[in-house]
file start04.cif (mmCIF, C-alpha atoms)
data_coords
loop_
_atom_site.label_atom_id
_atom_site.label_comp_id
_atom_site.auth_asym_id
_atom_site.auth_seq_id
_atom_site.Cartn_x
_atom_site.Cartn_y
_atom_site.Cartn_z
CA ASN A 1 -28.72 13.40 -37.38
CA ILE A 2 -31.35 12.39 -34.82
CA VAL A 3 -33.86 9.92 -36.23
CA GLY A 4 -31.36 8.55 -38.77
CA VAL A 5 -28.77 7.74 -36.12
CA ALA A 6 -31.36 6.10 -33.87
CA SER A 7 -32.59 3.95 -36.76
CA ALA A 8 -28.98 3.00 -37.63
CA LEU A 9 -28.40 1.71 -34.09
CA VAL A 10 -31.68 -0.21 -34.17
CA GLU A 11 -31.18 -1.76 -37.60
CA GLY A 12 -27.38 -2.13 -37.62
CA GLY A 13 -26.38 -2.36 -33.96
CA LYS A 14 -23.83 -0.33 -32.02
CA GLY A 15 -21.15 -0.97 -34.66
CA ALA A 16 -23.07 1.24 -37.09
CA LEU A 17 -21.47 4.26 -35.41
CA PHE A 18 -17.98 3.06 -36.38
CA TRP A 19 -19.01 2.78 -40.01
CA MET A 20 -20.47 6.28 -39.85
CA TRP A 21 -16.98 7.48 -38.90
CA ILE A 22 -15.42 5.54 -41.77
CA SER A 23 -17.97 6.92 -44.22
CA ALA A 24 -17.12 10.44 -43.05
CA LEU A 25 -13.46 10.03 -44.08
CA PHE A 26 -14.42 9.23 -47.66
CA ALA A 27 -17.39 11.60 -47.64
CA ALA A 28 -15.17 14.58 -46.85
CA VAL A 29 -13.05 13.95 -49.95
CA VAL A 30 -16.07 13.35 -52.18
CA LYS A 31 -17.90 16.43 -50.94
CA PHE A 32 -14.86 18.62 -51.48
CA ALA A 33 -14.55 17.35 -55.06
CA GLU A 34 -18.21 17.80 -55.97
CA ILE A 35 -18.38 21.30 -54.49
CA VAL A 36 -15.23 22.36 -56.35
CA ALA A 37 -16.72 20.97 -59.59
CA ALA A 38 -20.03 22.75 -58.94
CA VAL A 39 -18.38 26.13 -58.32
CA ARG A 40 -16.18 25.76 -61.41
CA THR A 41 -19.09 24.92 -63.72
CA ARG A 42 -21.83 27.17 -62.32
CA ARG A 43 -23.69 29.76 -64.37
CA SER A 44 -24.03 33.40 -63.38
CA GLU A 45 -27.07 35.62 -63.83
CA PHE A 46 -27.51 39.32 -63.11
CA LEU A 47 -30.83 40.27 -61.54
CA PRO A 48 -31.82 43.94 -61.20
CA GLY A 49 -32.02 44.92 -57.56
CA THR A 50 -30.30 41.71 -56.45
CA GLY A 51 -27.01 41.61 -58.31
CA THR A 52 -25.18 38.56 -59.58
CA VAL A 53 -26.62 35.19 -58.59
CA TYR A 54 -25.21 31.76 -59.39
CA HIS A 55 -26.83 28.49 -60.44
CA GLY A 56 -24.96 25.21 -60.32
CA GLY A 57 -24.80 21.65 -59.13
CA ALA A 58 -24.14 18.17 -60.41
CA MET A 59 -26.57 18.64 -63.30
CA TYR A 60 -24.17 21.28 -64.68
CA TYR A 61 -20.92 19.32 -64.36
CA ILE A 62 -22.48 16.07 -65.64
CA LYS A 63 -21.56 16.44 -69.31
CA ASN A 64 -24.05 13.96 -70.75
CA LYS A 65 -27.33 15.83 -71.19
CA ILE A 66 -29.51 12.76 -70.68
CA ALA A 67 -27.67 11.81 -67.49
CA ALA A 68 -27.81 15.41 -66.26
CA SER A 69 -31.56 15.58 -66.89
CA GLY A 70 -32.04 12.22 -65.19
CA PHE A 71 -30.10 13.43 -62.18
CA ALA A 72 -32.24 16.56 -61.97
CA VAL A 73 -35.42 14.45 -62.05
CA LEU A 74 -34.05 12.26 -59.23
CA VAL A 75 -33.31 15.34 -57.14
CA ILE A 76 -36.86 16.56 -57.65
CA PHE A 77 -38.22 13.19 -56.46
CA GLY A 78 -35.67 13.24 -53.65
CA SER A 79 -36.85 16.65 -52.55
CA PHE A 80 -40.29 15.17 -51.89
CA PHE A 81 -39.12 12.05 -50.05
CA ILE A 82 -35.70 12.83 -48.53
CA GLY A 83 -36.14 16.51 -47.83
CA ASN A 84 -39.86 16.74 -47.30
CA ILE A 85 -41.95 13.75 -46.23
CA LEU A 86 -39.22 12.09 -44.15
CA GLN A 87 -38.40 15.27 -42.26
CA VAL A 88 -42.03 16.23 -41.64
CA LYS A 89 -42.97 12.71 -40.56
CA ALA A 90 -40.21 12.62 -37.93
CA ALA A 91 -41.04 16.09 -36.62
CA SER A 92 -44.81 15.61 -36.52
CA GLU A 93 -44.40 12.28 -34.69
CA ALA A 94 -42.20 13.90 -32.06
CA VAL A 95 -44.55 16.85 -31.54
CA GLY A 96 -47.52 14.49 -31.36
CA ASN A 97 -45.87 12.25 -28.77
CA VAL A 98 -44.84 15.18 -26.57
CA PHE A 99 -47.74 17.60 -26.86
CA GLY A 100 -50.52 15.34 -28.10
CA VAL A 101 -50.99 17.44 -31.24
CA PRO A 102 -52.32 15.42 -34.21
CA GLU A 103 -49.63 14.96 -36.86
CA ILE A 104 -51.78 16.54 -39.57
CA TYR A 105 -51.89 19.80 -37.61
CA THR A 106 -48.11 19.96 -37.26
CA SER A 107 -47.49 19.12 -40.91
CA SER A 108 -50.08 21.69 -42.02
CA LEU A 109 -48.39 24.39 -39.93
CA ILE A 110 -45.00 23.52 -41.44
CA ALA A 111 -46.54 23.61 -44.91
CA PHE A 112 -48.06 27.04 -44.29
CA ILE A 113 -44.85 28.62 -42.95
CA CYS A 114 -42.70 27.00 -45.64
CA GLY A 115 -45.05 28.24 -48.32
CA ILE A 116 -44.65 31.82 -47.07
CA ILE A 117 -40.85 31.54 -47.00
CA LEU A 118 -40.67 29.82 -50.40
CA VAL A 119 -42.48 32.76 -52.00
CA GLY A 120 -39.45 34.84 -51.09
CA GLY A 121 -37.12 32.59 -53.09
CA GLY A 122 -33.59 31.43 -52.41
CA LYS A 123 -32.36 34.55 -50.66
CA ARG A 124 -35.03 34.32 -47.97
CA ILE A 125 -34.38 30.57 -47.58
CA SER A 126 -30.63 31.00 -47.09
CA GLY A 127 -31.09 33.93 -44.72
CA PHE A 128 -33.54 32.06 -42.51
CA THR A 129 -31.48 28.87 -42.26
CA ALA A 130 -28.20 30.73 -41.76
CA ALA A 131 -29.65 32.45 -38.71
CA LEU A 132 -31.29 29.40 -37.17
CA ILE A 133 -29.12 26.34 -37.79
CA PRO A 134 -25.87 27.35 -35.96
CA LEU A 135 -27.72 28.27 -32.76
CA LEU A 136 -29.87 25.15 -32.88
CA ALA A 137 -26.89 22.88 -33.54
CA LEU A 138 -24.92 24.34 -30.63
CA CYS A 139 -27.86 23.88 -28.25
CA TYR A 140 -28.33 20.29 -29.37
CA ILE A 141 -24.61 19.47 -29.04
CA GLY A 142 -24.54 21.10 -25.61
CA ALA A 143 -27.47 19.02 -24.37
CA SER A 144 -25.90 15.84 -25.73
CA LEU A 145 -22.54 16.59 -24.12
CA TYR A 146 -24.26 17.19 -20.79
CA ILE A 147 -25.74 13.71 -20.87
CA ILE A 148 -22.53 12.05 -22.09
CA ILE A 149 -20.50 13.76 -19.35
CA SER A 150 -23.12 12.85 -16.75
CA GLU A 151 -22.79 9.21 -17.81
CA ALA A 152 -19.02 9.36 -18.38
CA ALA A 153 -18.46 6.12 -16.48
CA ALA A 154 -20.30 4.26 -19.25
CA LEU A 155 -18.36 5.91 -22.10
CA PRO A 156 -15.39 3.46 -22.27
CA SER A 157 -17.67 0.41 -22.44
CA ALA A 158 -19.88 2.14 -25.03
CA LEU A 159 -16.91 2.89 -27.29
CA ALA A 160 -15.60 -0.66 -26.82
CA ALA A 161 -18.99 -2.03 -27.85
CA VAL A 162 -18.98 0.17 -30.96
CA LEU A 163 -15.60 -1.17 -32.08
CA ARG A 164 -16.42 -4.76 -31.17
CA ASP A 165 -19.79 -4.87 -32.89
CA ALA A 166 -18.49 -3.12 -36.01
CA PHE A 167 -16.70 -6.35 -36.96
CA SER A 168 -18.92 -8.89 -35.22
CA PRO A 169 -20.26 -11.68 -37.47
CA ALA A 170 -23.50 -11.93 -35.46
CA SER A 171 -23.18 -10.80 -31.89
CA ILE A 172 -26.41 -8.97 -31.13
CA GLY A 173 -29.79 -10.55 -31.53
CA ILE A 174 -32.26 -8.80 -33.77
CA GLY A 175 -35.37 -10.78 -34.36
CA GLY A 176 -33.41 -13.97 -33.71
CA THR A 177 -31.15 -13.46 -36.74
CA GLY A 178 -28.38 -11.38 -35.19
CA CYS A 179 -26.90 -8.02 -36.11
CA THR A 180 -24.06 -8.74 -38.50
CA MET A 181 -21.07 -6.74 -39.62
CA TRP A 182 -22.87 -6.29 -42.95
CA GLY A 183 -25.85 -4.73 -41.20
CA ALA A 184 -23.59 -2.38 -39.22
CA MET A 185 -21.79 -1.35 -42.41
CA ARG A 186 -24.97 -0.92 -44.41
CA TYR A 187 -26.86 1.26 -41.96
CA GLY A 188 -23.81 3.08 -40.63
CA ILE A 189 -22.62 4.13 -44.08
CA THR A 190 -26.05 4.97 -45.51
CA ARG A 191 -27.12 7.01 -42.48
CA GLY A 192 -23.73 8.74 -42.33
CA LEU A 193 -23.94 9.73 -45.99
CA PHE A 194 -27.58 10.70 -45.53
CA SER A 195 -26.62 13.21 -42.83
CA SER A 196 -23.71 14.74 -44.77
CA GLU A 197 -25.29 14.48 -48.26
CA ALA A 198 -21.85 13.62 -49.62
CA GLY A 199 -21.79 11.83 -52.96
CA CYS A 200 -25.42 12.19 -53.97
CA GLY A 201 -24.82 15.57 -55.64
CA SER A 202 -27.52 17.57 -53.89
CA ALA A 203 -25.42 19.75 -51.55
CA PRO A 204 -23.33 21.28 -54.40
CA ILE A 205 -26.54 22.94 -55.63
CA ALA A 206 -26.51 25.18 -52.55
CA HIS A 207 -22.73 25.63 -52.50
CA ALA A 208 -22.74 26.75 -56.13
CA GLU A 209 -24.76 29.82 -55.11
CA ALA A 210 -22.07 31.06 -52.70
CA HIS A 211 -19.94 34.12 -53.35
CA CYS A 212 -16.47 32.75 -52.59
CA HIS A 213 -12.83 33.58 -53.36
CA SER A 214 -12.03 30.19 -54.89
CA PRO A 215 -13.56 26.76 -55.51
CA ALA A 216 -11.16 25.26 -52.96
CA GLU A 217 -12.32 27.66 -50.26
CA GLN A 218 -15.93 26.61 -50.78
CA GLY A 219 -14.90 22.97 -50.92
CA CYS A 220 -13.36 23.30 -47.46
CA TYR A 221 -16.76 24.34 -46.12
CA GLY A 222 -18.02 21.02 -47.45
CA ILE A 223 -15.33 19.16 -45.50
CA PHE A 224 -16.39 21.04 -42.37
CA GLU A 225 -20.03 20.09 -43.01
CA VAL A 226 -19.14 16.39 -43.04
CA PHE A 227 -17.15 16.81 -39.82
CA ALA A 228 -19.92 18.76 -38.07
CA ASP A 229 -22.73 16.50 -39.29
CA THR A 230 -21.28 13.02 -38.98
CA ILE A 231 -18.32 13.21 -36.61
CA VAL A 232 -19.84 15.70 -34.15
CA ILE A 233 -23.64 15.64 -34.20
CA CYS A 234 -24.25 12.02 -35.25
CA THR A 235 -21.63 10.84 -32.74
CA ALA A 236 -23.21 12.96 -30.02
CA THR A 237 -26.61 11.40 -30.75
CA ALA A 238 -25.26 7.84 -30.77
CA LEU A 239 -23.14 8.20 -27.62
CA THR A 240 -26.04 9.81 -25.78
CA ILE A 241 -28.09 6.69 -26.47
CA LEU A 242 -25.29 4.23 -25.74
CA CYS A 243 -24.04 5.89 -22.54
CA SER A 244 -27.51 6.29 -21.08
CA GLY A 245 -28.00 2.54 -20.83
CA VAL A 246 -31.49 2.55 -22.32
CA GLY A 247 -32.48 -0.63 -24.09
CA ILE A 248 -32.35 -0.53 -27.87
CA PRO A 249 -35.56 -2.00 -29.36
CA TRP A 250 -33.86 -4.16 -31.99
CA GLY A 251 -35.59 -4.30 -35.35
CA SER A 252 -38.28 -1.74 -34.53
CA SER A 253 -38.66 1.74 -35.98
CA PRO A 254 -38.12 4.01 -32.98
CA GLY A 255 -38.06 7.46 -34.53
CA ALA A 256 -36.90 9.88 -31.85
CA GLU A 257 -38.34 7.92 -28.93
CA LEU A 258 -35.05 6.11 -28.34
CA LEU A 259 -33.08 9.33 -27.96
CA LEU A 260 -35.80 10.86 -25.82
CA SER A 261 -35.58 7.89 -23.44
CA ALA A 262 -31.82 8.46 -23.22
CA TRP A 263 -32.25 12.15 -22.44
CA GLU A 264 -34.77 11.43 -19.72
CA THR A 265 -32.13 9.48 -17.77
CA CYS A 266 -30.38 12.78 -16.92
CA ILE A 267 -32.88 15.53 -17.75
CA PRO A 268 -36.40 15.85 -16.30
CA ALA A 269 -38.93 14.30 -18.63
CA ALA A 270 -40.90 17.43 -19.48
CA PRO A 271 -37.95 19.69 -20.45
CA ALA A 272 -36.26 16.82 -22.31
CA ALA A 273 -39.40 16.07 -24.32
CA CYS A 274 -40.00 19.73 -25.15
CA PHE A 275 -36.42 20.30 -26.28
CA MET A 276 -36.44 17.09 -28.34
CA ALA A 277 -39.67 18.04 -30.09
CA LEU A 278 -38.44 21.58 -30.74
CA SER A 279 -35.08 20.37 -32.06
CA LEU A 280 -36.67 17.88 -34.43
CA LEU A 281 -39.23 20.44 -35.59
CA LEU A 282 -36.65 23.12 -36.39
CA PHE A 283 -34.05 20.74 -37.87
CA ALA A 284 -36.76 19.24 -40.07
CA PHE A 285 -38.09 22.67 -41.00
CA THR A 286 -34.71 23.93 -42.22
CA SER A 287 -34.04 20.65 -44.05
CA VAL A 288 -37.33 21.05 -45.88
CA LEU A 289 -36.35 24.57 -46.94
CA GLY A 290 -32.93 23.44 -48.12
CA TRP A 291 -34.35 20.66 -50.25
CA ALA A 292 -36.94 23.05 -51.65
CA LEU A 293 -34.00 25.05 -52.97
CA TYR A 294 -32.46 21.91 -54.53
CA GLY A 295 -35.71 20.97 -56.20
CA THR A 296 -36.37 24.50 -57.45
CA GLN A 297 -32.95 24.72 -59.08
CA CYS A 298 -33.44 21.36 -60.81
CA VAL A 299 -36.88 22.39 -62.04
CA ARG A 300 -35.34 25.57 -63.45
CA PHE A 301 -32.59 23.50 -65.10
CA LEU A 302 -35.15 21.28 -66.83
CA TRP A 303 -38.07 23.58 -67.62
CA GLY A 304 -37.07 27.16 -66.83
CA GLU A 305 -38.28 29.73 -64.31
CA LYS A 306 -41.94 29.35 -65.26
CA ALA A 307 -42.03 25.88 -63.67
CA ALA A 308 -40.62 27.00 -60.30
CA ALA A 309 -43.91 28.32 -58.87
CA PRO A 310 -45.97 25.16 -59.61
CA TYR A 311 -43.19 23.04 -58.12
CA ARG A 312 -43.16 25.05 -54.90
CA LEU A 313 -46.93 24.71 -54.64
CA CYS A 314 -46.75 20.91 -55.04
CA PHE A 315 -43.84 20.77 -52.61
CA SER A 316 -45.81 22.66 -49.97
CA LEU A 317 -48.86 20.45 -50.44
CA ALA A 318 -46.71 17.33 -50.04
CA ILE A 319 -45.64 18.57 -46.61
CA THR A 320 -49.23 18.31 -45.43
CA VAL A 321 -49.67 14.67 -46.45
CA GLY A 322 -46.20 13.57 -45.33
CA CYS A 323 -47.42 12.59 -41.88
CA LEU A 324 -49.69 9.92 -43.38
CA VAL A 325 -46.83 7.76 -44.71
CA SER A 326 -45.01 5.04 -42.75
CA LEU A 327 -41.58 6.18 -41.54
CA ARG A 328 -39.98 2.85 -42.51
CA THR A 329 -41.38 3.14 -46.04
CA VAL A 330 -40.06 6.69 -46.44
CA TRP A 331 -36.59 5.62 -45.20
CA ALA A 332 -36.52 2.89 -47.85
CA ALA A 333 -37.48 5.39 -50.58
CA ALA A 334 -34.93 7.92 -49.31
CA ASP A 335 -32.09 5.36 -49.32
CA LEU A 336 -33.03 4.25 -52.84
CA LEU A 337 -33.11 7.80 -54.18
CA ASN A 338 -29.80 8.66 -52.52
CA GLY A 339 -28.20 5.67 -54.22
CA LEU A 340 -29.69 6.47 -57.61
CA MET A 341 -28.57 10.11 -57.40
CA ALA A 342 -25.05 9.00 -56.52
CA ILE A 343 -24.61 6.92 -59.69
CA PRO A 344 -24.46 9.73 -62.31
CA ASN A 345 -22.77 12.02 -59.79
CA PHE A 346 -19.90 9.60 -59.13
CA ILE A 347 -19.48 8.86 -62.83
CA ALA A 348 -19.10 12.60 -63.50
CA LEU A 349 -16.70 13.04 -60.58
CA PHE A 350 -14.50 10.20 -61.83
CA ALA A 351 -14.47 11.80 -65.28
CA LEU A 352 -13.39 15.10 -63.71
CA SER A 353 -10.87 13.54 -61.30
CA GLY A 354 -7.92 14.51 -63.48
CA LYS A 355 -8.94 18.16 -63.19
CA ALA A 356 -9.84 18.12 -59.50
CA ALA A 357 -6.41 19.19 -58.24
CA LYS A 358 -6.16 21.87 -60.93
CA TYR A 359 -9.62 23.21 -60.08
CA ALA A 360 -8.77 23.27 -56.39
CA GLU A 361 -5.72 25.42 -57.02
CA MET A 362 -7.58 28.04 -59.04
#
call {"tool": "encode", "arguments": {"input": "start04.cif", "output": "structure tokens"}}
result
Amino acid sequence: NIVGVASALVEGGKGALFWMWISALFAAVVKFAEIVAAVRTRRSEFLPGTGTVYHGGAMYYIKNKIAASGFAVLVIFGSFFIGNILQVKAASEAVGNVFGVPEIYTSSLIAFICGIILVGGGKRISGFTAALIPLLALCYIGASLYIIISEAAALPSALAAVLRDAFSPASIGIGGTGCTMWGAMRYGITRGLFSSEAGCGSAPIAHAEAHCHSPAEQGCYGIFEVFADTIVICTATALTILCSGVGIPWGSSPGAELLLSAWETCIPAAPAACFMALSLLLFAFTSVLGWALYGTQCVRFLWGEKAAAPYRLCFSLAITVGCLVSLRTVWAAADLLNGLMAIPNFIALFALSGKAAKYAEM
């Protein structure tokens, strides 16, 4: 929602935002369908002292056992790259730029705290993120709206540029080659889907654990997630950058520096930098915990409960070394894994499409 949007504008131009919006329309439908399928096919388990808990996800509604196992393996790899190294790298860079703290120190602190929380299992993970994310998201949206309103005179031209460049054959120079419509589509759609997790089959793992009245009710939460992630937060990030008038360093890998420069046009540098670093740190921290849950469930699906503890240990250790990897390299790995996860997930969803309406009604 922060670094991904900035990289989309750098790599794909202003038109990437338009294709994020388009991706959200399809993503909402896909996410509803995969959540409904996950809730309908989940397994229940009674734990003394805890009560009934649920396990589910795409690996349960993918009927082919080999494909289901392959999907679970991809999620485990994705948990290390998409939900771990990428998040920690972005956060540690931001903290290092603002406070001068070496990245290895930040990543080690995240690893230590995550390790403590992971020992508590899924219930502690969900409780921690449920308390933190809504407040953090509202603060971030509020800060973005303040900047957009402060630069309201630039909003019409920014929106016009988004629509114009979304269909431009080669209007904006990037390394002398130009930012094409294909580039805007590619980075807008991939970053939009990356933020909402629609289609890759990972989010249904968490939704399958919910105690809900019906699959359709839980599926509607998925639609709201796409709206909040892509339409609200990603748009707020992009418009903050575009309305501020800061130059976009075409073809570079800006991380959060681009958004920070935009914030500093309306907010004093020190508070803006501190809030940016804190936002990235906490957003990344909760993303790491969420993907730890995805990976744990897939490890349990493949090898049983006995493999969960070793996985969590390896996951926590990977957090520490995440800061040593190039951000551009991790983005490439994350996009590849998202695409690979989507293949078996979409095949299963198409196979279940005839039952989707029936499931939604039950």
call {"tool": "closest_residue", "arguments": {"input": "start04.cif", "among": "A:Cys243, A:Ala348, A:Ala33, A:Ile2", "to": "Ile147 (chain A)", "atoms": "only C-alpha atoms"}}
result
A:Cys243
call {"tool": "resolve_selection", "arguments": {"input": "start04.cif", "expression": "the PyMOL selection byres ((chain A and resi 218) around 10)", "output": "MDAnalysis selection string"}}
result
chainID A and resid 32 35:36 38:39 204 207:208 210:217 219:223 360
call {"tool": "resolve_selection", "arguments": {"input": "start04.cif", "expression": "the PyMOL selection byres ((chain A and resi 288) around 10)", "output": "number ranges by chain"}}
result
A: 79-80, 82-88, 110-111, 114, 282-287, 289-294, 315-316, 319
call {"tool": "resolve_selection", "arguments": {"input": "start04.cif", "expression": "the PyMOL selection byres ((chain A and resi 54) around 6)", "output": "PDB file with C-alpha atoms, keeping the file's coordinate frame"}}
result
ATOM      1  CA  ARG A  43     -23.690  29.760 -64.370  1.00  0.00           C
ATOM      2  CA  SER A  44     -24.030  33.400 -63.380  1.00  0.00           C
ATOM      3  CA  VAL A  53     -26.620  35.190 -58.590  1.00  0.00           C
ATOM      4  CA  HIS A  55     -26.830  28.490 -60.440  1.00  0.00           C
ATOM      5  CA  GLU A 209     -24.760  29.820 -55.110  1.00  0.00           C
TER       6      GLU A 209
END
call {"tool": "atom_distance", "arguments": {"input": "start04.cif", "atom1": "CA of Ser168 (chain A)", "atom2": "CA of Leu25 (chain A)"}}
result
21.6 Å
call {"tool": "residues_around", "arguments": {"input": "start04.cif", "residues": "Arg300 (chain A)", "least_positions_apart": "2", "cutoff": "12 Å", "atoms": "all atoms listed in the file", "output": "PyMOL selection string"}}
result
chain A and resi 55-56+59+69+72-73+76+293-298+302-312
call {"tool": "atom_distance", "arguments": {"input": "start04.cif", "atom1": "CA of Leu193 (chain A)", "atom2": "CA of Ala27 (chain A)"}}
result
7.0 Å
call {"tool": "atom_distance", "arguments": {"input": "start04.cif", "atom1": "CA of Ile113 (chain A)", "atom2": "CA of Ala91 (chain A)"}}
result
14.5 Å
call {"tool": "residues_around", "arguments": {"input": "start04.cif", "residues": "Ile149 (chain A)", "least_positions_apart": "4", "cutoff": "12 Å", "atoms": "all atoms listed in the file", "output": "number ranges by chain"}}
result
A: 141-145, 153-156, 236, 239-240, 243-244, 266
call {"tool": "closest_residue", "arguments": {"input": "start04.cif", "among": "A:Met181, A:Met276, A:Ile66, A:Leu337", "to": "Asn97 (chain A)", "atoms": "all atoms listed in the file"}}
result
A:Met276
